[in-house]
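J.: What follows is the file work-v1.pdb, containing PDB, C-alpha atoms:
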ATOM      1  CA  MET A 305      86.772 115.079 101.798
ATOM      2  CA  ALA A 306      85.502 112.022 103.668
ATOM      3  CA  LEU A 307      84.970 109.196 101.254
ATOM      4  CA  GLY A 308      84.040 105.839 102.725
ATOM      5  CA  MET A 309      84.370 102.355 101.247
ATOM      6  CA  VAL A 310      81.124 101.339  99.545
ATOM      7  CA  PRO A 311      80.137  98.050 101.230
ATOM      8  CA  VAL A 312      79.449  96.363  97.895
ATOM      9  CA  GLY A 313      81.861  95.944  94.994
ATOM     10  CA  GLU A 314      81.076  94.821  91.467
ATOM     11  CA  VAL A 315      82.383  92.080  89.202
ATOM     12  CA  THR A 316      81.759  92.615  85.476
ATOM     13  CA  LEU A 317      82.410  89.849  82.951
ATOM     14  CA  SER A 318      82.813  91.026  79.335
ATOM     15  CA  PHE A 319      82.092  88.737  76.394
ATOM     16  CA  VAL A 320      82.708  89.400  72.711
ATOM     17  CA  ASP A 321      80.585  87.903  69.934
ATOM     18  CA  HIS A 322      81.533  86.959  66.370
ATOM     19  CA  ASN A 323      80.857  90.522  65.185
ATOM     20  CA  GLY A 324      83.189  91.965  67.790
ATOM     21  CA  ARG A 325      80.336  93.370  69.838
ATOM     22  CA  VAL A 326      80.661  93.216  73.593
ATOM     23  CA  GLY A 327      78.069  91.883  76.040
ATOM     24  CA  LYS A 328      78.460  92.236  79.780
ATOM     25  CA  THR A 329      77.080  90.647  82.892
ATOM     26  CA  SER A 330      77.761  91.641  86.454
ATOM     27  CA  TYR A 331      77.132  90.833  90.070
ATOM     28  CA  ASN A 332      77.929  92.350  93.455
ATOM     29  CA  PHE A 333      80.180  91.136  96.209
ATOM     30  CA  LEU A 334      80.853  92.237  99.734
ATOM     31  CA  ALA A 335      83.759  94.672  99.686
ATOM     32  CA  SER A 336      85.184  93.267 102.908
ATOM     33  CA  ASN A 337      86.555  90.363 100.859
ATOM     34  CA  THR A 338      90.085  90.275  99.519
ATOM     35  CA  ILE A 339      90.826  90.598  95.839
ATOM     36  CA  ALA A 340      92.176  87.031  95.838
ATOM     37  CA  ASP A 341      88.894  85.587  97.133
ATOM     38  CA  VAL A 342      86.796  87.638  94.732
ATOM     39  CA  GLN A 343      89.113  86.706  91.858
ATOM     40  CA  ASP A 344      88.791  82.974  92.609
ATOM     41  CA  ALA A 345      84.998  83.118  92.640
ATOM     42  CA  ALA A 346      84.871  85.277  89.503
ATOM     43  CA  GLU A 347      87.059  82.815  87.588
ATOM     44  CA  GLU A 348      84.854  79.860  88.635
ATOM     45  CA  ILE A 349      81.681  81.690  87.640
ATOM     46  CA  GLY A 350      83.337  82.839  84.407
ATOM     47  CA  ALA A 351      84.260  79.264  83.505
ATOM     48  CA  ALA A 352      80.683  78.111  84.134
ATOM     49  CA  LEU A 353      79.334  81.009  82.079
ATOM     50  CA  VAL A 354      81.580  80.146  79.143
ATOM     51  CA  ALA A 355      79.824  76.778  78.880
ATOM     52  CA  THR A 356      76.464  78.540  78.449
ATOM     53  CA  SER A 357      77.498  81.266  76.005
ATOM     54  CA  GLY A 358      78.468  81.334  72.358
ATOM     55  CA  ALA A 359      80.517  84.478  72.957
ATOM     56  CA  ALA A 360      84.112  84.450  74.206
ATOM     57  CA  LEU A 361      85.011  85.638  77.683
ATOM     58  CA  GLN A 362      87.276  88.601  77.109
ATOM     59  CA  ALA A 363      87.905  90.093  80.538
ATOM     60  CA  ILE A 364      86.755  90.283  84.132
ATOM     61  CA  ASN A 365      86.808  93.609  85.978
ATOM     62  CA  ILE A 366      86.666  93.677  89.767
ATOM     63  CA  THR A 367      85.865  97.126  91.145
ATOM     64  CA  TYR A 368      85.861  98.496  94.668
ATOM     65  CA  LYS A 369      84.552 102.015  95.300
ATOM     66  CA  LEU A 370      84.855 104.749  97.876
ATOM     67  CA  SER A 371      82.265 107.494  97.756
ATOM     68  CA  ASP A 372      80.444 110.217  99.626
ATOM     69  CA  PRO A 373      76.759 110.332  98.642
ATOM     70  CA  ALA A 374      76.478 113.825 100.111
ATOM     71  CA  ILE A 375      78.672 115.281  97.341
ATOM     72  CA  THR A 376      76.588 117.070  94.707
ATOM     73  CA  PRO A 377      77.367 119.727  92.068
ATOM     74  CA  ALA A 378      76.637 122.316  94.767
ATOM     75  CA  SER A 379      79.680 120.989  96.649
ATOM     76  CA  ALA A 380      81.941 122.351  93.901
ATOM     77  CA  ALA A 381      82.974 125.988  93.629
ATOM     78  CA  ALA A 382      80.730 128.250  91.554
ATOM     79  CA  ASP A 383      83.403 128.760  88.885
ATOM     80  CA  SER A 384      84.457 125.101  88.706
ATOM     81  CA  ASP A 385      84.785 123.578  85.251
ATOM     82  CA  VAL A 386      86.129 120.057  84.859
ATOM     83  CA  PHE A 387      86.678 120.531  81.129
ATOM     84  CA  ARG A 388      89.554 122.828  82.045
ATOM     85  CA  LYS A 389      92.519 120.769  83.157
ATOM     86  CA  MET A 390      96.013 121.212  84.448
ATOM     87  CA  SER A 391      98.426 118.679  83.057
ATOM     88  CA  ILE A 392     101.521 117.703  85.032
ATOM     89  CA  SER A 393     103.972 115.532  83.137
ATOM     90  CA  PHE A 394     106.470 113.077  84.556
ATOM     91  CA  GLU A 395     109.307 111.190  82.988
ATOM     92  CA  GLY A 396     111.446 108.314  84.168
ATOM     93  CA  ALA A 397     115.159 107.736  84.127
ATOM     94  CA  THR A 398     114.694 105.704  80.956
ATOM     95  CA  PRO A 399     114.265 107.899  77.853
ATOM     96  CA  ASN A 400     110.728 108.106  76.484
ATOM     97  CA  LEU A 401     109.246 106.808  79.719
ATOM     98  CA  LYS A 402     106.537 109.359  80.364
ATOM     99  CA  SER A 403     103.279 109.762  82.181
ATOM    100  CA  ARG A 404     101.074 112.586  83.368
ATOM    101  CA  ILE A 405      98.308 113.492  85.715
ATOM    102  CA  GLU A 406      95.535 115.834  84.623
ATOM    103  CA  VAL A 407      93.890 117.780  87.421
ATOM    104  CA  PRO A 408      90.355 118.917  86.565
ATOM    105  CA  SER A 409      89.264 122.503  87.238
ATOM    106  CA  PRO A 410      92.566 123.909  88.550
ATOM    107  CA  LEU A 411      92.376 127.019  90.710
ATOM    108  CA  GLN A 412      93.017 130.134  88.612
ATOM    109  CA  SER A 413      95.349 131.553  91.239
ATOM    110  CA  PHE A 414      98.107 129.160  90.130
ATOM    111  CA  PHE A 415      98.265 130.719  86.699
ATOM    112  CA  PRO A 416      99.785 134.175  86.335
ATOM    113  CA  LEU A 417      97.693 136.511  84.219
ATOM    114  CA  GLY A 418      98.163 135.713  80.547
ATOM    115  CA  SER A 419     100.113 132.513  81.177
ATOM    116  CA  GLU A 420      99.024 128.956  80.575
ATOM    117  CA  TYR A 421     101.816 127.620  82.761
ATOM    118  CA  ALA A 422     101.904 127.399  86.532
ATOM    119  CA  ASP A 423     105.067 127.365  88.615
ATOM    120  CA  PRO A 424     105.500 123.740  89.665
ATOM    121  CA  THR A 425     107.915 124.566  92.448
ATOM    122  CA  VAL A 426     105.655 126.523  94.768
ATOM    123  CA  GLY A 427     102.510 126.029  96.801
ATOM    124  CA  ALA A 428      99.924 123.292  96.450
ATOM    125  CA  VAL A 429     101.167 122.348  92.965
ATOM    126  CA  ALA A 430     104.545 121.407  94.402
ATOM    127  CA  THR A 431     102.805 119.478  97.171
ATOM    128  CA  LEU A 432     100.760 117.554  94.624
ATOM    129  CA  ILE A 433     103.831 116.683  92.562
ATOM    130  CA  ALA A 434     105.686 115.564  95.660
ATOM    131  CA  THR A 435     102.720 113.434  96.727
ATOM    132  CA  VAL A 436     102.344 111.727  93.352
ATOM    133  CA  LEU A 437     106.072 111.038  93.209
ATOM    134  CA  ASN A 438     106.285 109.971  96.845
ATOM    135  CA  PRO A 439     108.143 106.652  96.727
ATOM    136  CA  THR A 440     106.240 105.385  99.743
ATOM    137  CA  LEU A 441     103.047 105.470  97.697
ATOM    138  CA  GLY A 442     102.171 102.629  95.386
ATOM    139  CA  ALA A 443     103.838  99.951  97.497
ATOM    140  CA  GLY A 444     107.153 101.699  97.149
ATOM    141  CA  THR A 445     107.116 102.102  93.407
ATOM    142  CA  GLY A 446     105.468 105.454  92.809
ATOM    143  CA  PRO A 447     103.364 105.908  89.681
ATOM    144  CA  VAL A 448     103.973 103.411  86.917
ATOM    145  CA  THR A 449     103.570 103.385  83.181
ATOM    146  CA  ALA A 450     101.870 100.716  81.112
ATOM    147  CA  SER A 451     105.196  98.915  80.969
ATOM    148  CA  GLY A 452     105.286  98.772  84.738
ATOM    149  CA  ALA A 453     108.474 100.807  85.021
ATOM    150  CA  ASP A 454     108.885 103.482  87.666
ATOM    151  CA  LEU A 455     108.678 107.165  86.953
ATOM    152  CA  THR A 456     111.141 109.094  89.008
ATOM    153  CA  LYS A 457     111.582 112.496  87.454
ATOM    154  CA  GLN A 458     109.143 115.331  86.949
ATOM    155  CA  VAL A 459     109.427 117.219  83.671
ATOM    156  CA  GLY A 460     108.858 120.541  85.361
ATOM    157  CA  ARG A 461     106.124 121.930  83.206
ATOM    158  CA  VAL A 462     102.610 122.577  84.402
ATOM    159  CA  LYS A 463     100.227 123.504  81.651
ATOM    160  CA  GLU A 464      96.600 124.434  81.683
ATOM    161  CA  ILE A 465      94.784 122.720  78.875
ATOM    162  CA  GLY A 466      92.481 125.056  77.002
ATOM    163  CA  ARG A 467      88.793 125.231  77.681
ATOM    164  CA  ARG A 468      86.702 122.889  75.590
ATOM    165  CA  ASN A 469      83.099 123.373  74.622
ATOM    166  CA  THR A 470      80.745 120.419  74.634
TER     167      THR A 470
ATOM    168  CA  MET B1285      93.386  81.434  80.310
ATOM    169  CA  LEU B1286      92.619  84.545  82.311
ATOM    170  CA  SER B1287      95.355  86.200  84.279
ATOM    171  CA  LEU B1288      95.440  89.243  86.521
ATOM    172  CA  ASN B1289      96.812  92.280  84.681
ATOM    173  CA  PRO B1290     100.005  93.578  86.301
ATOM    174  CA  LEU B1291      98.533  97.043  86.809
ATOM    175  CA  VAL B1292      95.435  98.171  88.665
ATOM    176  CA  ALA B1293      93.596 101.378  87.730
ATOM    177  CA  VAL B1294      92.777 103.890  90.438
ATOM    178  CA  GLU B1295      90.343 106.601  89.334
ATOM    179  CA  LEU B1296      89.357 109.738  91.199
ATOM    180  CA  GLN B1297      86.079 111.188  89.943
ATOM    181  CA  TYR B1298      85.457 114.917  90.240
ATOM    182  CA  ILE B1299      82.266 116.886  89.653
ATOM    183  CA  ASP B1300      81.889 120.587  88.876
ATOM    184  CA  ARG B1301      79.052 123.026  89.627
ATOM    185  CA  ASN B1302      77.337 122.085  86.360
ATOM    186  CA  GLY B1303      77.336 118.401  87.246
ATOM    187  CA  ARG B1304      79.959 117.517  84.663
ATOM    188  CA  VAL B1305      82.386 114.770  85.573
ATOM    189  CA  ALA B1306      86.135 114.275  85.009
ATOM    190  CA  ARG B1307      88.425 111.501  86.135
ATOM    191  CA  VAL B1308      92.044 111.381  87.238
ATOM    192  CA  ARG B1309      93.545 107.965  86.553
ATOM    193  CA  GLN B1310      96.722 106.469  87.984
ATOM    194  CA  ARG B1311      98.052 102.928  87.765
ATOM    195  CA  TYR B1312      99.736 100.835  90.427
ATOM    196  CA  PRO B1313     101.019  97.273  90.679
ATOM    197  CA  SER B1314      98.107  94.844  91.050
ATOM    198  CA  SER B1315      99.931  93.137  93.899
ATOM    199  CA  THR B1316      98.923  96.140  96.017
ATOM    200  CA  SER B1317      96.023  95.491  98.402
ATOM    201  CA  VAL B1318      92.709  97.333  98.163
ATOM    202  CA  GLU B1319      93.334  98.946 101.560
ATOM    203  CA  THR B1320      96.749 100.277 100.476
ATOM    204  CA  LEU B1321      95.383 101.575  97.177
ATOM    205  CA  ALA B1322      92.523 103.290  98.996
ATOM    206  CA  ALA B1323      95.059 104.981 101.287
ATOM    207  CA  ILE B1324      97.212 106.049  98.306
ATOM    208  CA  ALA B1325      94.193 107.427  96.450
ATOM    209  CA  THR B1326      93.026 109.298  99.526
ATOM    210  CA  GLU B1327      96.457 110.868  99.980
ATOM    211  CA  ILE B1328      96.625 111.959  96.332
ATOM    212  CA  ALA B1329      93.052 113.273  96.559
ATOM    213  CA  GLY B1330      94.128 115.320  99.557
ATOM    214  CA  ALA B1331      96.930 116.884  97.508
ATOM    215  CA  ILE B1332      94.627 117.537  94.537
ATOM    216  CA  ASP B1333      92.156 119.155  96.918
ATOM    217  CA  GLY B1334      94.533 122.108  97.293
ATOM    218  CA  VAL B1335      94.686 122.648  93.536
ATOM    219  CA  THR B1336      91.146 122.148  92.249
ATOM    220  CA  SER B1337      87.819 123.919  92.567
ATOM    221  CA  ALA B1338      85.881 120.751  91.668
ATOM    222  CA  ALA B1339      84.546 118.320  94.282
ATOM    223  CA  LEU B1340      85.794 114.755  94.717
ATOM    224  CA  GLN B1341      82.821 112.452  94.364
ATOM    225  CA  GLU B1342      84.151 108.923  94.086
ATOM    226  CA  ILE B1343      87.290 106.797  94.016
ATOM    227  CA  SER B1344      87.249 103.482  92.168
ATOM    228  CA  ILE B1345      89.859 100.733  92.249
ATOM    229  CA  SER B1346      89.610  98.312  89.313
ATOM    230  CA  TYR B1347      91.524  95.073  88.933
ATOM    231  CA  ARG B1348      91.312  93.415  85.532
ATOM    232  CA  LEU B1349      91.710  89.824  84.443
ATOM    233  CA  SER B1350      92.113  89.218  80.734
ATOM    234  CA  ASP B1351      93.060  86.498  78.301
ATOM    235  CA  SER B1352      96.026  87.148  76.012
ATOM    236  CA  ASP B1353      94.783  84.416  73.670
ATOM    237  CA  PRO B1354      90.982  84.308  74.036
ATOM    238  CA  PRO B1355      88.988  81.527  72.360
ATOM    239  CA  ALA B1356      86.998  82.418  69.245
ATOM    240  CA  PRO B1357      83.250  83.067  69.660
ATOM    241  CA  THR B1358      80.838  80.852  67.763
ATOM    242  CA  SER B1359      79.615  82.129  64.404
ATOM    243  CA  GLU B1360      76.027  82.498  65.701
ATOM    244  CA  SER B1361      76.947  84.363  68.871
ATOM    245  CA  GLU B1362      75.029  87.598  69.397
ATOM    246  CA  ALA B1363      76.136  89.820  72.270
ATOM    247  CA  ALA B1364      72.990  91.946  72.044
ATOM    248  CA  GLU B1365      70.996  88.964  73.263
ATOM    249  CA  ALA B1366      71.052  87.748  76.857
ATOM    250  CA  ALA B1367      69.301  85.168  78.996
ATOM    251  CA  ALA B1368      68.193  86.191  82.474
ATOM    252  CA  LEU B1369      68.546  83.794  85.377
ATOM    253  CA  PHE B1370      66.508  85.130  88.264
ATOM    254  CA  TYR B1371      67.339  84.675  91.913
ATOM    255  CA  ARG B1372      65.660  85.738  95.110
ATOM    256  CA  ASN B1373      67.292  88.588  96.953
ATOM    257  CA  GLY B1374      65.279  88.979 100.137
ATOM    258  CA  GLU B1375      61.779  89.907  99.017
ATOM    259  CA  ASP B1376      62.925  90.850  95.524
ATOM    260  CA  TYR B1377      64.146  89.064  92.445
ATOM    261  CA  ASP B1378      67.399  90.017  90.787
ATOM    262  CA  ALA B1379      68.674  88.763  87.455
ATOM    263  CA  PHE B1380      72.014  87.338  86.487
ATOM    264  CA  TYR B1381      72.477  87.612  82.729
ATOM    265  CA  ILE B1382      74.072  85.118  80.359
ATOM    266  CA  PRO B1383      75.393  87.034  77.315
ATOM    267  CA  ALA B1384      74.893  85.429  73.885
ATOM    268  CA  PRO B1385      73.289  82.246  75.288
ATOM    269  CA  LEU B1386      73.740  79.006  73.371
ATOM    270  CA  PRO B1387      70.551  77.925  71.522
ATOM    271  CA  GLU B1388      70.375  74.654  73.451
ATOM    272  CA  LEU B1389      69.775  76.519  76.728
ATOM    273  CA  TRP B1390      66.144  77.267  75.878
ATOM    274  CA  GLU B1391      63.175  75.114  76.742
ATOM    275  CA  THR B1392      62.063  73.206  73.668
ATOM    276  CA  SER B1393      58.457  72.423  74.606
ATOM    277  CA  GLY B1394      55.571  74.017  76.457
ATOM    278  CA  PRO B1395      54.349  77.627  76.455
ATOM    279  CA  TYR B1396      57.840  79.026  77.137
ATOM    280  CA  ALA B1397      59.654  77.082  74.426
ATOM    281  CA  GLY B1398      62.420  79.186  72.906
ATOM    282  CA  CYS B1399      62.121  81.998  75.430
ATOM    283  CA  ARG B1400      62.911  80.498  78.813
ATOM    284  CA  ILE B1401      66.032  78.807  80.148
ATOM    285  CA  ASP B1402      65.845  75.076  80.629
ATOM    286  CA  THR B1403      67.135  74.756  84.179
ATOM    287  CA  SER B1404      67.761  71.043  83.663
ATOM    288  CA  ASN B1405      70.394  71.776  81.015
ATOM    289  CA  PRO B1406      73.768  70.527  82.344
ATOM    290  CA  ALA B1407      75.596  73.778  81.561
ATOM    291  CA  VAL B1408      72.878  75.806  83.299
ATOM    292  CA  LEU B1409      72.978  73.433  86.266
ATOM    293  CA  SER B1410      76.744  73.879  86.466
ATOM    294  CA  LEU B1411      76.453  77.679  86.362
ATOM    295  CA  VAL B1412      73.714  77.668  88.987
ATOM    296  CA  GLY B1413      75.933  75.391  91.061
ATOM    297  CA  GLN B1414      78.794  77.884  90.915
ATOM    298  CA  LEU B1415      76.513  80.788  91.750
ATOM    299  CA  ASN B1416      74.931  78.898  94.639
ATOM    300  CA  LEU B1417      78.395  77.959  95.842
ATOM    301  CA  ALA B1418      79.225  81.636  95.988
ATOM    302  CA  LEU B1419      75.916  82.371  97.705
ATOM    303  CA  ALA B1420      76.469  79.684 100.275
ATOM    304  CA  ALA B1421      80.110  80.495 101.038
ATOM    305  CA  PRO B1422      80.633  80.574 104.815
ATOM    306  CA  ALA B1423      81.896  84.135 104.827
ATOM    307  CA  GLY B1424      79.152  85.239 102.443
ATOM    308  CA  TRP B1425      81.759  86.876 100.297
ATOM    309  CA  VAL B1426      80.036  86.960  96.964
ATOM    310  CA  PHE B1427      76.570  88.314  96.254
ATOM    311  CA  LEU B1428      74.389  90.198  98.648
ATOM    312  CA  ALA B1429      71.669  87.627  98.271
ATOM    313  CA  LEU B1430      72.807  85.166 100.885
ATOM    314  CA  GLY B1431      70.809  82.002 100.651
ATOM    315  CA  GLY B1432      69.447  83.070  97.293
ATOM    316  CA  GLU B1433      67.462  80.631  95.264
ATOM    317  CA  TYR B1434      67.583  80.405  91.494
ATOM    318  CA  VAL B1435      64.404  80.111  89.534
ATOM    319  CA  VAL B1436      63.640  79.967  85.841
ATOM    320  CA  GLY B1437      65.090  82.629  83.594
ATOM    321  CA  GLY B1438      63.807  84.202  80.413
ATOM    322  CA  ARG B1439      65.043  85.905  77.309
ATOM    323  CA  ALA B1440      66.215  89.496  77.561
ATOM    324  CA  ILE B1441      67.228  91.498  74.524
TER     325      ILE B1441
END
Kindly transcribe the structure held in the file into structure tokens.

T.:
Amino acid sequence: MALGMVPVGEVTLSFVDHNGRVGKTSYNFLASNTIADVQDAAEEIGAALVATSGAALQAINITYKLSDPAITPASAAADSDVFRKMSISFEGATPNLKSRIEVPSPLQSFFPLGSEYADPTVGAVATLIATVLNPTLGAGTGPVTASGADLTKQVGRVKEIGRRNT
Amino acid sequence: MLSLNPLVAVELQYIDRNGRVARVRQRYPSSTSVETLAAIATEIAGAIDGVTSAALQEISISYRLSDSDPPAPTSESEAAEAAALFYRNGEDYDAFYIPAPLPELWETSGPYAGCRIDTSNPAVLSLVGQLNLALAAPAGWVFLALGGEYVVGGRAI
């Protein structure tokens, strides 16, 4: 696993017309620039675009990427299947504050024969849970919900979601 | 007025042997720098690596600005239509698209009337000015096409 920062990021400006349909335009920027600099330029260009368009500017997305172009399907294990997922749920100290992470193509060895649940307290699953909940990650906040509140407690259930056909 | 959303999305993209793709998405405070988020994502990817048989292909970090009270689009606006404003990028031309262009942007006379941008239109001049400003920024921080030059643009549907 050696992903490197892609030297070029992308700004996408989304507009919505009177029928609710969305039109997009985008441009690249050098990824060495800070989000604040890119944001300033995107807002200026967005304001100038608004004066040329009958649609309404709805949102601006600024995306940086890390990738490894050498990764291909052959890099994955022969039995890998991303439509099979392992769901790990978390909950916060506040009731009803929940989140989860879904790991694609979990290794079969974590699931005892006939069980759809893995033991979250042992092995790499426990390491993953500890990493996600590590308070030093996420600028000291750990994972957050849409409300922005911290999640501090793991529910303790690891479930494999059933295989889906496409 | 656009404002930066309080959360930034970090997505880890995995691929399986059949080329199918799945994403793991986490959210973090948008006050976190790109470098810190990249380090967080890499650490989580390292932990997922011990659990999955799929291969990590890409990590994306997406900040979003949105308007809680966006202005209404005009009644004639059509998002399926776009105007292309071409600029030189080295030896090539790239296009910057204007979604749902206002009718007054088009040339009104000559062989390209109604299908080519009038680059003397004040709104077009202002947009080109902003794009050129970005192109000419000392640090070259927006656009790859440093020193790019805008030329006439046409209709793209």

J.: Considering all atoms listed in the file, can you say which of A:Ala306, A:Ile392, A:Ala428, A:Leu437 comes closest to chain B?

T.: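 That would be A:Ala428, the residue with the smallest distance to chain B.
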
J.: Give the answer as one residue: which of B:Ser1350, B:Trp1390, B:Arg1309, B:Leu1417 has the shortest atom-to-atom distance to chain A, using all atoms listed in the file?

T.: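 Smallest distance to chain A is found for B:Ser1350.
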
J.: So how far away is atom CA of B:Ser1344 from atom CA of B:Gln1297, in Å?

T.: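 Atom-to-atom, atom CA of B:Gln1297 and atom CA of B:Ser1344 are spaced 8.1 Å apart.
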
J.: So, with all atoms listed in the file as the atoms that count, which of A:Leu317, A:Val326, A:Ala434, A:Val310 lies closest to chain B?

T.: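 Residue with the minimum atom-to-atom distance to chain B: A:Val326.
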
J.: Output the residue selection produced by the PyMOL selection byres ((chain A and resi 359) around 6) on the file above, formatted as a PDB file with C-alpha atoms, in the frame of the given file.

T.:
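Produced file selection.pdb, reproduced below:
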ATOM      1  CA  PHE A 319      82.092  88.737  76.394  1.00  0.00           C
ATOM      2  CA  VAL A 320      82.708  89.400  72.711  1.00  0.00           C
ATOM      3  CA  ASP A 321      80.585  87.903  69.934  1.00  0.00           C
ATOM      4  CA  SER A 357      77.498  81.266  76.005  1.00  0.00           C
ATOM      5  CA  GLY A 358      78.468  81.334  72.358  1.00  0.00           C
ATOM      6  CA  ALA A 360      84.112  84.450  74.206  1.00  0.00           C
TER       7      ALA A 360
ATOM      8  CA  PRO B1357      83.250  83.067  69.660  1.00  0.00           C
ATOM      9  CA  SER B1361      76.947  84.363  68.871  1.00  0.00           C
ATOM     10  CA  ALA B1384      74.893  85.429  73.885  1.00  0.00           C
TER      11      ALA B1384
END

J.: Under the rule that all atoms listed in the file are counted, which of A:Asp344, A:Gly327, A:Ile339, A:Pro408 is the nearest residue to B:Ala1364?

T.: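 The shortest atom-to-atom distance to B:Ala1364 comes from A:Gly327.
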
J.: With only C-alpha atoms as the atoms that count, which of A:Asp372, A:Glu406, A:Asp385, A:Asp341 lies nearest to B:Ile1332?

T.: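 Once distances to B:Ile1332 are computed over only C-alpha atoms, the minimum belongs to A:Glu406.
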
J.: So, counting all atoms listed in the file, which residue among A:Val312, A:Val426, A:Leu432, A:Met390 is closest to chain B?

T.: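 Result for the nearest residue to chain B: A:Leu432.
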
J.: Just the number, please: distance in Å from atom CA of B:Ala1339 to atom CA of A:Ala378, one decimal.

T.: 8.9 Å

J.: On this file, the PyMOL selection byres ((chain B and resi 1353) around 10) gives some set of residues; write that set as a ChimeraX atom specification.

T.: /A:362 /B:1285-1286,1350-1352,1354-1356

J.: Could you write those residues out with C-alpha atoms, as a JSON list (two decimals), in the frame of the given file?

T.:
[["chain", "number", "residue", "atom", "x", "y", "z"],
["A", 362, "GLN", "CA", 87.28, 88.60, 77.11],
["B", 1285, "MET", "CA", 93.39, 81.43, 80.31],
["B", 1286, "LEU", "CA", 92.62, 84.54, 82.31],
["B", 1350, "SER", "CA", 92.11, 89.22, 80.73],
["B", 1351, "ASP", "CA", 93.06, 86.50, 78.30],
["B", 1352, "SER", "CA", 96.03, 87.15, 76.01],
["B", 1354, "PRO", "CA", 90.98, 84.31, 74.04],
["B", 1355, "PRO", "CA", 88.99, 81.53, 72.36],
["B", 1356, "ALA", "CA", 87.00, 82.42, 69.24]]

J.: Please return stretch 410-424 of chain A, rebuilt to N, CA and C atoms, as an mmCIF file, keeping the file's coordinate frame.

T.:
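The new file rebuild10.cif reads:
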data_model
loop_
_atom_site.group_PDB
_atom_site.id
_atom_site.type_symbol
_atom_site.label_atom_id
_atom_site.label_comp_id
_atom_site.auth_asym_id
_atom_site.auth_seq_id
_atom_site.Cartn_x
_atom_site.Cartn_y
_atom_site.Cartn_z
ATOM 1 N N PRO A 410 91.531 123.342 87.672
ATOM 2 C CA PRO A 410 92.566 123.909 88.550
ATOM 3 C C PRO A 410 92.207 125.322 88.996
ATOM 4 N N LEU A 411 92.632 125.669 90.197
ATOM 5 C CA LEU A 411 92.376 127.019 90.710
ATOM 6 C C LEU A 411 93.117 128.042 89.846
ATOM 7 N N GLN A 412 92.433 129.108 89.499
ATOM 8 C CA GLN A 412 93.017 130.134 88.612
ATOM 9 C C GLN A 412 94.237 130.804 89.233
ATOM 10 N N SER A 413 94.283 130.811 90.563
ATOM 11 C CA SER A 413 95.349 131.553 91.239
ATOM 12 C C SER A 413 96.737 130.981 90.949
ATOM 13 N N PHE A 414 96.807 129.746 90.446
ATOM 14 C CA PHE A 414 98.107 129.160 90.130
ATOM 15 C C PHE A 414 98.672 129.638 88.798
ATOM 16 N N PHE A 415 97.838 130.311 88.038
ATOM 17 C CA PHE A 415 98.265 130.719 86.699
ATOM 18 C C PHE A 415 98.399 132.234 86.631
ATOM 19 N N PRO A 416 99.603 132.731 86.467
ATOM 20 C CA PRO A 416 99.785 134.175 86.335
ATOM 21 C C PRO A 416 98.966 134.693 85.148
ATOM 22 N N LEU A 417 98.530 135.914 85.272
ATOM 23 C CA LEU A 417 97.693 136.511 84.219
ATOM 24 C C LEU A 417 98.367 136.372 82.850
ATOM 25 N N GLY A 418 97.646 135.831 81.901
ATOM 26 C CA GLY A 418 98.163 135.713 80.547
ATOM 27 C C GLY A 418 99.033 134.495 80.326
ATOM 28 N N SER A 419 99.247 133.676 81.343
ATOM 29 C CA SER A 419 100.113 132.513 81.177
ATOM 30 C C SER A 419 99.300 131.220 81.273
ATOM 31 N N GLU A 420 99.677 130.253 80.477
ATOM 32 C CA GLU A 420 99.024 128.956 80.575
ATOM 33 C C GLU A 420 99.868 127.974 81.399
ATOM 34 N N TYR A 421 100.951 128.473 81.950
ATOM 35 C CA TYR A 421 101.816 127.620 82.761
ATOM 36 C C TYR A 421 101.834 128.068 84.210
ATOM 37 N N ALA A 422 101.781 127.106 85.109
ATOM 38 C CA ALA A 422 101.904 127.399 86.532
ATOM 39 C C ALA A 422 103.325 127.073 86.966
ATOM 40 N N ASP A 423 103.735 127.662 88.073
ATOM 41 C CA ASP A 423 105.067 127.365 88.615
ATOM 42 C C ASP A 423 104.968 126.064 89.425
ATOM 43 N N PRO A 424 105.640 125.025 88.982
ATOM 44 C CA PRO A 424 105.500 123.740 89.665
ATOM 45 C C PRO A 424 106.287 123.642 90.963
#
